[in-house]
Amino acid sequence: MNKEVAVLIGAGMIGQAIIRRAGIGRRILVGDFKAENGERVVQTLYDAGFEAEATTVDVASRDSIRELVEKAASFGPVARLVHAAGVSPSQAPIERILQVDLYGTAVILEEFGRVIASGGSGVVISSQSGHRLGSLSNEENALLAKTPAEELLQLPMLQTENVRDTLHAYQLSKRCNGLRVAYESTRWGKRGARINAISPGIIITPLANDELNGPRGAGYRKMIETCPVGRAGTPDDVANVAELLLSDRGSFITGSDFLMDGGVTAAWWYGE
């Protein structure tokens with residue numbers, strides 16, 4: 001009998017922390033844009049007693065995502081999905097952010113929703129930024145939630161003349177992630193599976209350290225200093241929430257987006 005399969009998309013620190021919990025007793029497939037990133041994570045997992053394999057994936061390409069899905073399904077029933085890939089406002093132009101973070105996530109939810117096993121579950125790592133975007137209209141929310149993925153990037157609200165800068169593109173993408181998770185959860189539910197999103201705040205990783213030392217660094221540091229918890233988060237903080245959502249203990253939770261940012265967003269809207 002084939003082992004269950006756990007898929008990690010994005011070989012960063014948050015994804016690694018989650019897959020070490022979700023991958024116990026399962027065969028792990030690690031997909032990343034850069035082959036060396038995936039291989040490095042697989043070696044670390046192997047050294048810790050996990051069975052893992054690496055492959056490349058471009059989450060801005062449906063064909064590439066389909067290849068990843070087919071590879072995962074060939075190993076056995078796909079029981080866990082951890083989608084932690086993405087680009088930040090400091091890493092890419094507007095178009096690439098929308099392609100990777102918005103369109104790519106929509107396609108991943110569609111494609112894995114076709115193969116996820118009964119009793120399976122997934123998490124999408126989104127961002128607090130989606131919760132700091134101002135209110136959208138009901139029509140805009142519905143468009144982001146339900147527009148077929150191949151038509152998403154043609155929406156007028158996502159055209160470059162309507163997107164102010166890379167941060168705005170990122171916020172729109174992350175708002176869309178939560179809406180797509182809610183929409184896709186109805187389809188995943190027909191297969192007896194669940195899907196949720198987590199919107200972390202500032203989590204200390206190599207990428208976060210780049211941001212803290214980049215052009216927006218002062219703003220990020222101020223958010224940490226003024227938030228109710230008074231610190232940045234760690235990948236294991238995120239994994240604590242993901243472990244609940246992915247396990248049977250979270251069996252009544254689906255279609256939700258969990259904001260976990262140490263109170264940064266609360267302070268952003270209502271603090272001093």
# chains A, B, ... in the order shown; residues from 1 in each chain; ligands from 1
call {"tool": "residues_around", "arguments": {"residues": "region 35-48 of chain A", "least_positions_apart": "3", "cutoff": "9 Å", "atoms": "only C-alpha atoms", "output": "PDB file with N, CA and C atoms, in the first residue's frame"}}
result
ATOM      1  N   GLY A  10       7.413  25.620  -1.939  1.00  0.00           N
ATOM      2  CA  GLY A  10       8.165  26.722  -1.353  1.00  0.00           C
ATOM      3  C   GLY A  10       9.043  26.213  -0.227  1.00  0.00           C
ATOM      4  N   ALA A  11      10.352  26.232  -0.455  1.00  0.00           N
ATOM      5  CA  ALA A  11      11.286  25.592   0.471  1.00  0.00           C
ATOM      6  C   ALA A  11      11.841  26.548   1.515  1.00  0.00           C
ATOM      7  N   GLY A  12      11.058  27.547   1.905  1.00  0.00           N
ATOM      8  CA  GLY A  12      11.510  28.492   2.907  1.00  0.00           C
ATOM      9  C   GLY A  12      11.352  27.971   4.322  1.00  0.00           C
ATOM     10  N   GLN A  16       9.215  24.705   5.836  1.00  0.00           N
ATOM     11  CA  GLN A  16       9.974  23.622   6.465  1.00  0.00           C
ATOM     12  C   GLN A  16       9.442  23.302   7.850  1.00  0.00           C
ATOM     13  N   ARG A  20       7.662  19.508   8.698  1.00  0.00           N
ATOM     14  CA  ARG A  20       8.246  18.596   9.686  1.00  0.00           C
ATOM     15  C   ARG A  20       7.172  18.033  10.613  1.00  0.00           C
ATOM     16  N   ILE A  28       7.241  12.855   1.496  1.00  0.00           N
ATOM     17  CA  ILE A  28       7.198  14.294   1.282  1.00  0.00           C
ATOM     18  C   ILE A  28       7.750  14.640  -0.098  1.00  0.00           C
ATOM     19  N   LEU A  29       7.018  15.484  -0.803  1.00  0.00           N
ATOM     20  CA  LEU A  29       7.492  16.034  -2.068  1.00  0.00           C
ATOM     21  C   LEU A  29       7.663  17.535  -1.878  1.00  0.00           C
ATOM     22  N   VAL A  30       8.889  18.007  -2.095  1.00  0.00           N
ATOM     23  CA  VAL A  30       9.214  19.422  -1.924  1.00  0.00           C
ATOM     24  C   VAL A  30       9.368  20.057  -3.298  1.00  0.00           C
ATOM     25  N   GLY A  31       8.534  21.042  -3.593  1.00  0.00           N
ATOM     26  CA  GLY A  31       8.637  21.752  -4.857  1.00  0.00           C
ATOM     27  C   GLY A  31       9.086  23.183  -4.639  1.00  0.00           C
ATOM     28  N   ASP A  32      10.078  23.621  -5.407  1.00  0.00           N
ATOM     29  CA  ASP A  32      10.563  24.999  -5.309  1.00  0.00           C
ATOM     30  C   ASP A  32      10.988  25.460  -6.696  1.00  0.00           C
ATOM     31  N   GLU A  51      11.246  10.747   4.759  1.00  0.00           N
ATOM     32  CA  GLU A  51      11.370  10.298   3.374  1.00  0.00           C
ATOM     33  C   GLU A  51      10.918  11.440   2.483  1.00  0.00           C
ATOM     34  N   ALA A  52      11.829  12.004   1.713  1.00  0.00           N
ATOM     35  CA  ALA A  52      11.504  13.209   0.945  1.00  0.00           C
ATOM     36  C   ALA A  52      12.202  13.206  -0.403  1.00  0.00           C
ATOM     37  N   GLU A  53      11.585  13.918  -1.333  1.00  0.00           N
ATOM     38  CA  GLU A  53      12.134  14.075  -2.677  1.00  0.00           C
ATOM     39  C   GLU A  53      11.879  15.502  -3.134  1.00  0.00           C
ATOM     40  N   ALA A  54      12.781  16.034  -3.940  1.00  0.00           N
ATOM     41  CA  ALA A  54      12.653  17.411  -4.419  1.00  0.00           C
ATOM     42  C   ALA A  54      12.315  17.440  -5.904  1.00  0.00           C
ATOM     43  N   THR A  55      11.628  18.497  -6.292  1.00  0.00           N
ATOM     44  CA  THR A  55      11.344  18.749  -7.694  1.00  0.00           C
ATOM     45  C   THR A  55      11.225  20.258  -7.882  1.00  0.00           C
ATOM     46  N   THR A  56      11.256  20.699  -9.112  1.00  0.00           N
ATOM     47  CA  THR A  56      11.110  22.134  -9.379  1.00  0.00           C
ATOM     48  C   THR A  56       9.675  22.432  -9.772  1.00  0.00           C
ATOM     49  N   VAL A  57       9.236  23.640  -9.449  1.00  0.00           N
ATOM     50  CA  VAL A  57       7.900  24.084  -9.844  1.00  0.00           C
ATOM     51  C   VAL A  57       7.907  25.596  -9.976  1.00  0.00           C
TER      52      VAL A  57
END
call {"tool": "residues_around", "arguments": {"residues": "Asn2 (chain A)", "least_positions_apart": "5", "cutoff": "8 Å", "atoms": "only C-alpha atoms", "output": "PyMOL selection string"}}
result
chain A and resi 75-77
call {"tool": "residues_around", "arguments": {"residues": "Ser135 (chain A)", "least_positions_apart": "5", "cutoff": "12 Å", "atoms": "only C-alpha atoms", "output": "JSON, numbers by chain"}}
result
{"A": [130, 140, 141, 171, 172, 175]}
call {"tool": "closest_residue", "arguments": {"among": "A:Trp188, A:Tyr270, A:Tyr183, A:Tyr220", "to": "Pro148 (chain A)", "atoms": "only C-alpha atoms"}}
result
A:Tyr183
call {"tool": "closest_residue", "arguments": {"among": "A:Ser137, A:Ser118, A:Gln128, A:Ser74", "to": "Val264 (chain A)", "atoms": "only C-alpha atoms"}}
result
A:Gln128
